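A.B. asks: This is the structure I have questions about; it appears just below.
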Amino acid sequence: MAGKNEYTPMPSRLQDIIKQAENEWTFRFTYVGPVKPGQFFQVSIPKVGEAPISVSGIGEDFVDLTIRKVGKVTDYLFENFQAGDSLFIRGPYGNGFDVEEYAKGEMIIVAGGTAVSPIRGVVQYLCKTDHPQDTHLIAGFKNPDEIMFKPDFEEWKDLIDLTVTVDGAPEGYEGNVGLVTQYIPDIPIRDIESCKAIVVGPPPMIKFSIIELVKRGFNEEHIWISDSRKMSCGIGKCGHCRVNSKYICIDGPVFKYTEHRALVD
Amino acid sequence: MGYVLSNEGINKAFEALRKEYRIFAPVLKVGEGRFKDTDVIRYDFVDSYDEVEMDKRSDFSYKDIVTPLSESMFFFTEDQIREANFDASPVIVLMRACDINAVERLDQIFLANGEHNDYYYERRREVIKFALIGCGKTCEDGFCVDMGSNKAEDYVFSLDPKDGKVYVNVKEDDLDAAFADNSESSADVVPQFVTENEVHVERPEEVPLTLFKDEMWDEYSKRCINCGRCNFVCPTCSCFTIQDLFFTDNGKVGERRRVNASCMVDGYTDVAGGLVQRRSNGERMRFKVLHKVYDFRKIFGYDMCVGCGRCDTVCPEYISFSNCINKLNARVKELEG
Ligand SMILES: Cc1cc2nc3c(=O)[nH]c(=O)nc-3n(C[C@H](O)[C@H](O)[C@H](O)COP(=O)(O)OP(=O)(O)OC[C@H]3O[C@@H](n4cnc5c(N)ncnc54)[C@H](O)[C@@H]3O)c2cc1C
Ligand code: SF4
Ligand code: SF4
Ligand code: FES
């Protein structure tokens with residue numbers, strides 16, 4: 001007999017909806033089971049469709065999915081559901097971040113915009129180690145209105161080395177203004193050889209951030225990125241996400257930078 | 001066991017098999033080809049041996065029986081999700097060696113890529129048995145010999161027509177009686193396999209990264225019209241897209257289905273916000289060709305393409321896949337200096 005039908009959407013109660021920015025909300029889905037930061041779920045709305053969304057937070061009986069309203073499935077989600085409603089998800093899928101590896105020493109995380117979602121769980125994990133001060137997070141957003149996860153930044157700022165910056169801001173804005181790349185040279189690192197890094201965000205941001213890291217003598221083998229592609233099945237069957245000999249949905253979405261740069265779309 | 005059957009005998013054997021099995025086989029469809037007054041060979045259910053096209057390779061593969069063009073996954077009502085049913089009565093599929101080898105490729109993707117099985121494929125696959133049609137001579141455009149997929153051992157019985165008789169080698173005991181009871185005589189039967197094609201290919205062992213953006217693909221940007229026919233006839237193409245729809249005006253009843261997808265056709269990589277990978281048809285050709293004779297091998301250790309030649313035959317622009325493999329090989333050699 002054929003085994004489990006992995007495509008079956010599982011009912012999940014929405015515990016909460018947290019508005020991060022106008023079009024970016026965090027949906028707290030009831031979920032109990034194994035899950036790692038960097039993995040994703042398929043949010044599955046019968047008769048509408050499915051959308052792969054990264055895990056942006058992990059709790060005892062929930063996962064947070066922070067979603068940008070951009071099309072069919074996401075529009076429907078924003079317009080039709082409230083806390084307490086039940087809807088469907090399937091997953092988690094993908095490899096996720098290996099947080100234990102990152103907890104061993106110093107760590108730099110550079111994240112742009114919505115890509116803060118997949119690393120939020122990594123930071124949460126690193127905050128719980130006995131050396132959170134070895135975590136250096138640079139989070140960049142387009143403008144002050146688009147800054148997400150503000151309560152988290154408040155919580156993290158005294159634990160880790162945190163830089164929140166915006167590309168541009170109206171006059172009088174008191175926070176940092178500038179691209180994430182300009183903060184990389186000044187991150188205080190004791191041992192650049194063993195330090196590890198995650199870089200997530202739009203491709204140009206990833207590219208220039210890695211250039212800055214390498215300039216500082218960073219070992220390229222110690223850099224991880226997270227990628228995404230069109231997905232349909234999420235489990236290595238439908239083919240849409242394949243790049244060369246890698247399926248982003250099962251071999252990724254997290255890749256070593258050195259492995260990822262050998263992929264050509 | 002091996003048997004020799006007369007035409008009447010083999011038809012009787014089919015009749016006996018039909019009591020328990022559906023038989024899915026290549027059938028010549030007169031006048032149903034792409035152009036007016038042309039014929040096409042495609043798979044269909046048959047009751048008798050006489051309906052089966054035993055001579056020529058089918059234009060379309062057996063694929064519909066394991067991965068239908070469009071397949072319902074779930075039906076939705078207002079508050080219910082119901083898994084779609086399928087016809088679970090057992091099937092025997094008649095196919096040539098290349099196609100039996102192609103199933104191994106589909107199994108690889110659907111049952112052994114990643115930790116989850118594809119339930120819809122698996123449940124269909126479980127009710128299917130494969131029977132071999134021997135190949136006495138090469139088909140048009142085929143290059144199975146160079147791809148190493150001209151032979152197959154994984155079949156329940158084989159059929160080789162010769163001089164008005166059919167030679168059968170039965171491997172599955174349960175099916176033996178159907179042939180034994182209707183045979184003229186027993187014999188040592190070895191199915192025929194093609195050992196020589198007209199078309200030859202040489203594949204590169206390694207493909208350098210520079211080749212992915214090489215100018216050799218430009219030719220295909222000009223010639224290919226991204227119709228996707230090459231994917232739809234291919235017995236190893238397995239891509240699909242999941243789609244939701246609703247039937248009623250109030251949107252309360254609907255369905256989730258999966259539909260075969262083509263990496264040559266627009267939309268394959270489109271994501272929200274307008275980002276598209278591989279806009280040009282040359283890039284899509286490169287993606288397809290390298291998957292078939294390189295990327296798949298990098299993961300699973302053997303090539304995906306079985307050299308059936310169907311994509312060559314079907315292309316309206318006369319783009320030859322085997323030619324492209326040879327060009328790729330030559331270009332790799334050239335780059336290696
Ligand atoms: C691994 C991964 C993680 C992601 N994490 C997040 C996240 O945390 N937050 C977030 O807001 N978005 C995330 N995305 C992007 C998100 O999946 C798309 O924005 C979403 O699918 C759009 O769906 P839609 O129906 O609203 O848009 P439409 O444009 O109407 O898309 C229709 C369909 O196309 C497919 N599709 C469209 N865009 C994408 C895309 N970028 N990636 C994959 N499939 C797509 C989906 O099947 C979708 O249902 C992620 C994508 C991937 C691959
Ligand atoms: S059949 Fe020919 S024209 Fe059509 S997509 Fe394939 S290569 Fe291009
Ligand atoms: S790529 Fe062409 S020759 Fe190879 S298996 Fe597919 S249809 Fe046959
Ligand atoms: S999303 Fe289907 S194979 Fe990766």
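Letters A, B, ... mark the chains of the structure tokens in the order given; residue numbers begin at 1 per chain; ligand numbers begin at 1, in order shown.
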Could you report the residues within 10 Å of ligand 2, using only C-alpha atoms and all ligand atoms, as a VMD selection string?

C.D. replies: chain B and resid 220 to 233 262 to 265 281 to 282 284 to 285 288 to 289 310 to 321

A.B. asks: Give me a file of those residues, with N, CA and C atoms, as a JSON list (two decimals), in the first residue's frame.

C.D. replies:
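again.json was written with the following content:
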[["chain", "number", "residue", "atom", "x", "y", "z"],
["B", 220, "TYR", "N", 19.44, 27.64, -30.34],
["B", 220, "TYR", "CA", 18.12, 27.16, -29.93],
["B", 220, "TYR", "C", 17.18, 28.30, -29.56],
["B", 221, "SER", "N", 17.75, 29.42, -29.14],
["B", 221, "SER", "CA", 16.91, 30.59, -28.88],
["B", 221, "SER", "C", 16.23, 31.01, -30.17],
["B", 222, "LYS", "N", 16.93, 30.85, -31.28],
["B", 222, "LYS", "CA", 16.36, 31.24, -32.57],
["B", 222, "LYS", "C", 15.38, 30.20, -33.09],
["B", 223, "ARG", "N", 15.71, 28.93, -32.90],
["B", 223, "ARG", "CA", 14.89, 27.88, -33.55],
["B", 223, "ARG", "C", 13.72, 27.38, -32.73],
["B", 224, "CYS", "N", 13.91, 27.22, -31.44],
["B", 224, "CYS", "CA", 12.87, 26.61, -30.60],
["B", 224, "CYS", "C", 11.73, 27.58, -30.36],
["B", 225, "ILE", "N", 10.50, 27.08, -30.43],
["B", 225, "ILE", "CA", 9.33, 27.94, -30.21],
["B", 225, "ILE", "C", 8.68, 27.66, -28.86],
["B", 226, "ASN", "N", 9.42, 27.07, -27.96],
["B", 226, "ASN", "CA", 8.98, 26.67, -26.61],
["B", 226, "ASN", "C", 7.55, 26.12, -26.53],
["B", 227, "CYS", "N", 7.27, 25.16, -27.39],
["B", 227, "CYS", "CA", 5.94, 24.55, -27.40],
["B", 227, "CYS", "C", 5.82, 23.46, -26.34],
["B", 228, "GLY", "N", 6.96, 22.93, -25.90],
["B", 228, "GLY", "CA", 6.93, 21.92, -24.83],
["B", 228, "GLY", "C", 6.61, 20.51, -25.27],
["B", 229, "ARG", "N", 6.45, 20.29, -26.57],
["B", 229, "ARG", "CA", 6.10, 18.94, -27.03],
["B", 229, "ARG", "C", 7.17, 17.92, -26.64],
["B", 230, "CYS", "N", 8.44, 18.37, -26.69],
["B", 230, "CYS", "CA", 9.54, 17.45, -26.37],
["B", 230, "CYS", "C", 9.39, 16.91, -24.95],
["B", 231, "ASN", "N", 8.90, 17.75, -24.03],
["B", 231, "ASN", "CA", 8.71, 17.28, -22.66],
["B", 231, "ASN", "C", 7.52, 16.34, -22.55],
["B", 232, "PHE", "N", 6.46, 16.67, -23.27],
["B", 232, "PHE", "CA", 5.24, 15.88, -23.09],
["B", 232, "PHE", "C", 5.35, 14.47, -23.67],
["B", 233, "VAL", "N", 6.19, 14.30, -24.69],
["B", 233, "VAL", "CA", 6.35, 12.94, -25.22],
["B", 233, "VAL", "C", 7.42, 12.14, -24.47],
["B", 262, "SER", "N", 6.10, 21.73, -18.22],
["B", 262, "SER", "CA", 7.23, 21.68, -19.15],
["B", 262, "SER", "C", 8.22, 22.80, -18.85],
["B", 263, "CYS", "N", 9.49, 22.42, -18.74],
["B", 263, "CYS", "CA", 10.53, 23.42, -18.46],
["B", 263, "CYS", "C", 10.84, 24.28, -19.68],
["B", 264, "MET", "N", 10.25, 23.95, -20.83],
["B", 264, "MET", "CA", 10.47, 24.73, -22.04],
["B", 264, "MET", "C", 9.43, 25.85, -22.18],
["B", 265, "VAL", "N", 8.32, 25.70, -21.46],
["B", 265, "VAL", "CA", 7.18, 26.59, -21.65],
["B", 265, "VAL", "C", 7.23, 27.75, -20.65],
["B", 281, "ASN", "N", 14.80, 30.65, -24.95],
["B", 281, "ASN", "CA", 14.60, 29.24, -25.24],
["B", 281, "ASN", "C", 15.91, 28.47, -25.28],
["B", 282, "GLY", "N", 16.99, 29.17, -25.60],
["B", 282, "GLY", "CA", 18.31, 28.55, -25.57],
["B", 282, "GLY", "C", 18.67, 28.11, -24.16],
["B", 284, "ARG", "N", 16.57, 27.45, -21.82],
["B", 284, "ARG", "CA", 15.65, 26.36, -21.44],
["B", 284, "ARG", "C", 16.13, 25.04, -22.05],
["B", 285, "MET", "N", 16.60, 25.11, -23.28],
["B", 285, "MET", "CA", 17.15, 23.92, -23.94],
["B", 285, "MET", "C", 18.34, 23.40, -23.13],
["B", 288, "LYS", "N", 17.14, 21.66, -20.01],
["B", 288, "LYS", "CA", 16.56, 20.35, -20.30],
["B", 288, "LYS", "C", 17.64, 19.34, -20.68],
["B", 289, "VAL", "N", 18.48, 19.72, -21.62],
["B", 289, "VAL", "CA", 19.48, 18.78, -22.12],
["B", 289, "VAL", "C", 20.46, 18.37, -21.02],
["B", 310, "ARG", "N", 11.90, 10.07, -29.13],
["B", 310, "ARG", "CA", 10.57, 10.66, -29.37],
["B", 310, "ARG", "C", 10.64, 12.18, -29.51],
["B", 311, "CYS", "N", 11.50, 12.82, -28.69],
["B", 311, "CYS", "CA", 11.56, 14.29, -28.73],
["B", 311, "CYS", "C", 12.08, 14.76, -30.08],
["B", 312, "ASP", "N", 12.98, 14.00, -30.68],
["B", 312, "ASP", "CA", 13.46, 14.35, -32.02],
["B", 312, "ASP", "C", 12.33, 14.29, -33.03],
["B", 313, "THR", "N", 11.59, 13.20, -32.97],
["B", 313, "THR", "CA", 10.53, 12.98, -33.95],
["B", 313, "THR", "C", 9.42, 14.02, -33.82],
["B", 314, "VAL", "N", 9.13, 14.44, -32.60],
["B", 314, "VAL", "CA", 7.96, 15.30, -32.40],
["B", 314, "VAL", "C", 8.23, 16.78, -32.65],
["B", 315, "CYS", "N", 9.49, 17.21, -32.60],
["B", 315, "CYS", "CA", 9.77, 18.65, -32.63],
["B", 315, "CYS", "C", 9.34, 19.28, -33.95],
["B", 316, "PRO", "N", 8.46, 20.28, -33.90],
["B", 316, "PRO", "CA", 7.98, 20.93, -35.13],
["B", 316, "PRO", "C", 9.06, 21.76, -35.81],
["B", 317, "GLU", "N", 10.12, 22.06, -35.07],
["B", 317, "GLU", "CA", 11.20, 22.87, -35.64],
["B", 317, "GLU", "C", 12.40, 22.01, -36.04],
["B", 318, "TYR", "N", 12.21, 20.73, -36.05],
["B", 318, "TYR", "CA", 13.27, 19.78, -36.42],
["B", 318, "TYR", "C", 14.53, 19.92, -35.57],
["B", 319, "ILE", "N", 14.32, 20.24, -34.31],
["B", 319, "ILE", "CA", 15.47, 20.30, -33.40],
["B", 319, "ILE", "C", 15.75, 18.87, -32.93],
["B", 320, "SER", "N", 17.00, 18.47, -33.12],
["B", 320, "SER", "CA", 17.35, 17.10, -32.76],
["B", 320, "SER", "C", 18.09, 17.05, -31.43],
["B", 321, "PHE", "N", 17.53, 16.30, -30.53],
["B", 321, "PHE", "CA", 18.11, 16.16, -29.19],
["B", 321, "PHE", "C", 19.45, 15.43, -29.26]]

A.B. asks: Please find the residues of chain A near chain B - the criterion being any atom within 6 Å, counting only C-alpha atoms - and write them as a PyMOL selection string.

C.D. replies: chain A and resi 2+5+47-49+230+232+236-239+244-245

A.B. asks: Just list as a PyMOL selection string whatever in range 130-205 of chain A DSSP marks as strand (DSSP E).

C.D. replies: chain A and resi 135-141+161-166+176-177+196-200

A.B. asks: Kindly indicate which residue among B:Cys98, B:Ala13, B:Leu28, B:Val103 lies nearest to Ala177 in chain B, using only C-alpha atoms for the distances.

C.D. replies: B:Ala13

A.B. asks: From the list B:Glu53, B:Asp107, B:Asp64, B:Asp99, which residue is nearest Pro161 in chain B when using only C-alpha atoms?

C.D. replies: B:Glu53

A.B. asks: Excluding range 160-172 of chain A and any residue of its chain fewer than 5 positions from it, enumerate the residues within 10 Å of it, using only C-alpha atoms, and give them as number ranges by chain.

C.D. replies: A: 108-113, 123, 126-127, 131-147, 150, 153-155, 177-180, 183, 187-188

A.B. asks: Kindly provide, as a list in words, all nucleotide and amino acid residues lying within 6 Å of ligand 3, counting only C-alpha atoms and all ligand atoms.

C.D. replies: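 Checking only C-alpha atoms and all ligand atoms against ligand 3 at 6 Å gives Val233, Cys234, Pro235, Thr236, Cys305, Val306, Gly307, Cys308, Gly309, Arg310 and Cys311 of chain B.
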
A.B. asks: Mind listing the residues within 8 Å of ligand 1, only C-alpha atoms and all ligand atoms counted, as a ChimeraX atom specification?

C.D. replies: /A:24,39-40,49-56,65-76,94,114-115,117-118,227-232,241,248-249,253 /B:242,270-273

A.B. asks: Could you take the residues named above and write them with C-alpha atoms, as a tab-separated table (two decimals), in the first residue's frame?

C.D. replies:
chain	number	residue	atom	x	y	z
A	24	GLU	CA	3.98	41.93	6.17
A	39	GLN	CA	12.88	25.31	7.00
A	40	PHE	CA	9.59	26.23	5.36
A	49	GLY	CA	-3.51	27.31	-3.64
A	50	GLU	CA	-0.30	26.86	-1.73
A	51	ALA	CA	2.63	29.15	-0.93
A	52	PRO	CA	5.98	28.15	0.58
A	53	ILE	CA	6.79	30.32	3.61
A	54	SER	CA	9.87	30.25	5.87
A	55	VAL	CA	9.61	29.56	9.55
A	56	SER	CA	10.25	32.89	11.30
A	65	LEU	CA	5.25	32.38	9.39
A	66	THR	CA	5.89	35.97	8.36
A	67	ILE	CA	4.19	36.63	5.08
A	68	ARG	CA	4.28	39.38	2.49
A	69	LYS	CA	1.05	40.06	0.63
A	70	VAL	CA	1.94	39.67	-3.04
A	71	GLY	CA	-0.57	37.53	-4.93
A	72	LYS	CA	-3.30	34.96	-5.00
A	73	VAL	CA	-2.64	32.86	-1.91
A	74	THR	CA	-1.14	35.58	0.24
A	75	ASP	CA	-3.92	38.08	-0.61
A	76	TYR	CA	-6.51	35.52	0.36
A	94	GLY	CA	13.89	21.81	3.47
A	114	THR	CA	11.84	39.94	4.74
A	115	ALA	CA	14.88	37.64	4.85
A	117	SER	CA	12.32	35.82	8.87
A	118	PRO	CA	14.40	32.71	8.28
A	227	ASP	CA	17.84	30.70	-1.50
A	228	SER	CA	14.38	30.38	-2.99
A	229	ARG	CA	12.80	29.45	-6.29
A	230	LYS	CA	9.39	28.80	-7.68
A	231	MET	CA	8.05	25.81	-5.80
A	232	SER	CA	5.03	23.62	-6.18
A	241	CYS	CA	12.89	24.52	-7.99
A	248	ILE	CA	16.17	24.01	-3.55
A	249	CYS	CA	13.25	22.46	-1.65
A	253	PRO	CA	16.91	26.31	0.95
B	242	ILE	CA	-0.24	21.84	-8.46
B	270	ASP	CA	7.75	32.59	-12.57
B	271	VAL	CA	7.40	33.82	-9.00
B	272	ALA	CA	5.41	36.62	-7.43
B	273	GLY	CA	7.01	39.96	-8.29

A.B. asks: Run DSSP on the backbone of this structure and report the residues of range 137-209 of chain A it assigns to helix (DSSP H, G or I), as a list in words.

C.D. replies: Pro144, Asp145, Glu146, Lys150, Pro151, Asp152, Phe153, Glu154, Glu155, Trp156, Val180, Thr181, Gln182, Tyr183, Ile184, Pro185, Asp186, Pro203, Pro204, Met205, Ile206, Lys207, Phe208 and Ser209 of chain A

A.B. asks: Quick one: residues within 10 Å of Ala178 in chain B, only C-alpha atoms counted, chain neighbours fewer than 4 positions away excluded, as a ChimeraX atom specification?

C.D. replies: /B:9-10,12-18,170,174,182-183

A.B. asks: Suppose we keep all heavy atoms; can you now write the selection as an mmCIF file, in the first residue's frame?

C.D. replies:
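out_23.cif, freshly written:
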data_model
loop_
_atom_site.group_PDB
_atom_site.id
_atom_site.type_symbol
_atom_site.label_atom_id
_atom_site.label_comp_id
_atom_site.auth_asym_id
_atom_site.auth_seq_id
_atom_site.Cartn_x
_atom_site.Cartn_y
_atom_site.Cartn_z
ATOM 1 N N GLY B 9 -3.906 -17.857 -30.666
ATOM 2 C CA GLY B 9 -3.486 -18.191 -29.302
ATOM 3 C C GLY B 9 -3.176 -16.968 -28.469
ATOM 4 O O GLY B 9 -3.605 -16.857 -27.314
ATOM 5 N N ILE B 10 -2.462 -16.027 -29.065
ATOM 6 C CA ILE B 10 -2.074 -14.844 -28.281
ATOM 7 C C ILE B 10 -3.301 -13.990 -27.958
ATOM 8 O O ILE B 10 -3.415 -13.401 -26.887
ATOM 9 C CB ILE B 10 -0.965 -14.017 -28.995
ATOM 10 C CG1 ILE B 10 -0.402 -12.937 -28.061
ATOM 11 C CG2 ILE B 10 -1.433 -13.387 -30.283
ATOM 12 C CD1 ILE B 10 0.516 -13.446 -27.000
ATOM 13 N N LYS B 12 -6.220 -15.212 -27.451
ATOM 14 C CA LYS B 12 -6.881 -15.935 -26.347
ATOM 15 C C LYS B 12 -6.152 -15.663 -25.032
ATOM 16 O O LYS B 12 -6.773 -15.527 -23.973
ATOM 17 C CB LYS B 12 -6.878 -17.435 -26.646
ATOM 18 C CG LYS B 12 -7.935 -17.835 -27.653
ATOM 19 C CD LYS B 12 -8.398 -19.258 -27.360
ATOM 20 C CE LYS B 12 -9.590 -19.652 -28.215
ATOM 21 N NZ LYS B 12 -9.263 -20.782 -29.128
ATOM 22 N N ALA B 13 -4.810 -15.614 -25.118
ATOM 23 C CA ALA B 13 -4.033 -15.323 -23.908
ATOM 24 C C ALA B 13 -4.413 -13.941 -23.363
ATOM 25 O O ALA B 13 -4.570 -13.750 -22.153
ATOM 26 C CB ALA B 13 -2.541 -15.380 -24.220
ATOM 27 N N PHE B 14 -4.585 -12.976 -24.272
ATOM 28 C CA PHE B 14 -4.988 -11.628 -23.842
ATOM 29 C C PHE B 14 -6.359 -11.666 -23.175
ATOM 30 O O PHE B 14 -6.602 -10.989 -22.185
ATOM 31 C CB PHE B 14 -4.995 -10.658 -25.039
ATOM 32 C CG PHE B 14 -3.676 -9.942 -25.226
ATOM 33 C CD1 PHE B 14 -2.479 -10.650 -25.303
ATOM 34 C CD2 PHE B 14 -3.630 -8.556 -25.306
ATOM 35 C CE1 PHE B 14 -1.262 -10.003 -25.469
ATOM 36 C CE2 PHE B 14 -2.414 -7.887 -25.467
ATOM 37 C CZ PHE B 14 -1.231 -8.609 -25.548
ATOM 38 N N GLU B 15 -7.238 -12.477 -23.777
ATOM 39 C CA GLU B 15 -8.579 -12.620 -23.208
ATOM 40 C C GLU B 15 -8.496 -13.133 -21.773
ATOM 41 O O GLU B 15 -9.188 -12.640 -20.879
ATOM 42 C CB GLU B 15 -9.352 -13.631 -24.062
ATOM 43 C CG GLU B 15 -10.780 -13.283 -24.361
ATOM 44 C CD GLU B 15 -11.385 -14.381 -25.252
ATOM 45 O OE1 GLU B 15 -11.028 -14.402 -26.451
ATOM 46 O OE2 GLU B 15 -12.162 -15.207 -24.737
ATOM 47 N N ALA B 16 -7.604 -14.103 -21.586
ATOM 48 C CA ALA B 16 -7.430 -14.668 -20.238
ATOM 49 C C ALA B 16 -6.862 -13.629 -19.275
ATOM 50 O O ALA B 16 -7.333 -13.502 -18.136
ATOM 51 C CB ALA B 16 -6.512 -15.892 -20.316
ATOM 52 N N LEU B 17 -5.891 -12.875 -19.746
ATOM 53 C CA LEU B 17 -5.295 -11.844 -18.886
ATOM 54 C C LEU B 17 -6.316 -10.778 -18.515
ATOM 55 O O LEU B 17 -6.317 -10.250 -17.404
ATOM 56 C CB LEU B 17 -4.115 -11.161 -19.598
ATOM 57 C CG LEU B 17 -2.859 -11.996 -19.854
ATOM 58 C CD1 LEU B 17 -1.878 -11.212 -20.721
ATOM 59 C CD2 LEU B 17 -2.196 -12.403 -18.542
ATOM 60 N N ARG B 18 -7.177 -10.473 -19.471
ATOM 61 C CA ARG B 18 -8.171 -9.411 -19.270
ATOM 62 C C ARG B 18 -9.130 -9.705 -18.125
ATOM 63 O O ARG B 18 -9.735 -8.788 -17.587
ATOM 64 C CB ARG B 18 -8.957 -9.164 -20.570
ATOM 65 C CG ARG B 18 -8.268 -8.298 -21.576
ATOM 66 C CD ARG B 18 -8.250 -6.823 -21.145
ATOM 67 N NE ARG B 18 -9.559 -6.196 -21.212
ATOM 68 C CZ ARG B 18 -10.162 -5.625 -20.188
ATOM 69 N NH1 ARG B 18 -9.613 -5.616 -18.994
ATOM 70 N NH2 ARG B 18 -11.351 -5.057 -20.334
ATOM 71 N N VAL B 170 7.654 -15.860 -20.251
ATOM 72 C CA VAL B 170 6.876 -15.470 -19.073
ATOM 73 C C VAL B 170 7.759 -15.562 -17.837
ATOM 74 O O VAL B 170 8.348 -16.601 -17.555
ATOM 75 C CB VAL B 170 5.634 -16.374 -18.881
ATOM 76 C CG1 VAL B 170 4.742 -15.814 -17.774
ATOM 77 C CG2 VAL B 170 4.851 -16.490 -20.181
ATOM 78 N N ASP B 174 2.278 -16.407 -11.912
ATOM 79 C CA ASP B 174 0.827 -16.190 -11.912
ATOM 80 C C ASP B 174 0.270 -15.999 -13.315
ATOM 81 O O ASP B 174 -0.915 -16.231 -13.549
ATOM 82 C CB ASP B 174 0.476 -14.923 -11.122
ATOM 83 C CG ASP B 174 0.712 -15.130 -9.646
ATOM 84 O OD1 ASP B 174 1.109 -16.255 -9.271
ATOM 85 O OD2 ASP B 174 0.513 -14.175 -8.874
ATOM 86 N N ASN B 182 -2.665 -21.548 -24.086
ATOM 87 C CA ASN B 182 -2.994 -21.169 -25.455
ATOM 88 C C ASN B 182 -1.825 -21.299 -26.426
ATOM 89 O O ASN B 182 -1.874 -20.780 -27.538
ATOM 90 C CB ASN B 182 -3.516 -19.723 -25.472
ATOM 91 C CG ASN B 182 -4.796 -19.580 -24.662
ATOM 92 O OD1 ASN B 182 -5.810 -20.191 -24.997
ATOM 93 N ND2 ASN B 182 -4.741 -18.821 -23.578
ATOM 94 N N SER B 183 -0.773 -21.978 -25.984
ATOM 95 C CA SER B 183 0.435 -22.023 -26.820
ATOM 96 C C SER B 183 0.434 -23.222 -27.761
ATOM 97 O O SER B 183 -0.267 -24.213 -27.540
ATOM 98 C CB SER B 183 1.668 -22.071 -25.932
ATOM 99 O OG SER B 183 1.728 -23.318 -25.275
#

A.B. asks: Can you pull out every residue within 7 Å of Arg216 in chain A, counting only C-alpha atoms, but drop anything in the same chain fewer than 3 positions away, and send it as a list in words?

C.D. replies: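 Returned residues: Pro185, Glu212 and Leu213 of chain A.
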
A.B. asks: Leaving out Tyr155 in chain B and any residue of its chain fewer than 6 positions from it, which residues lie within 12 Å of it when counting only C-alpha atoms, given as a VMD selection string?

C.D. replies: chain B and resid 92 to 97 99 to 101 103 128 to 134 168 to 172 175 191

A.B. asks: Using only C-alpha atoms, which of B:Glu336, B:Asp59, B:Glu20, B:Glu32 sits nearest Glu140 in chain B?

C.D. replies: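 Using only C-alpha atoms, Glu140 in chain B sits closest to B:Asp59.
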
A.B. asks: Between CA of Asp214 in chain B and CA of Asp303 in chain B, what distance in Å does the model show, to one decimal?

C.D. replies: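 CA of Asp303 in chain B lies at a distance of 21.8 Å from CA of Asp214 in chain B.
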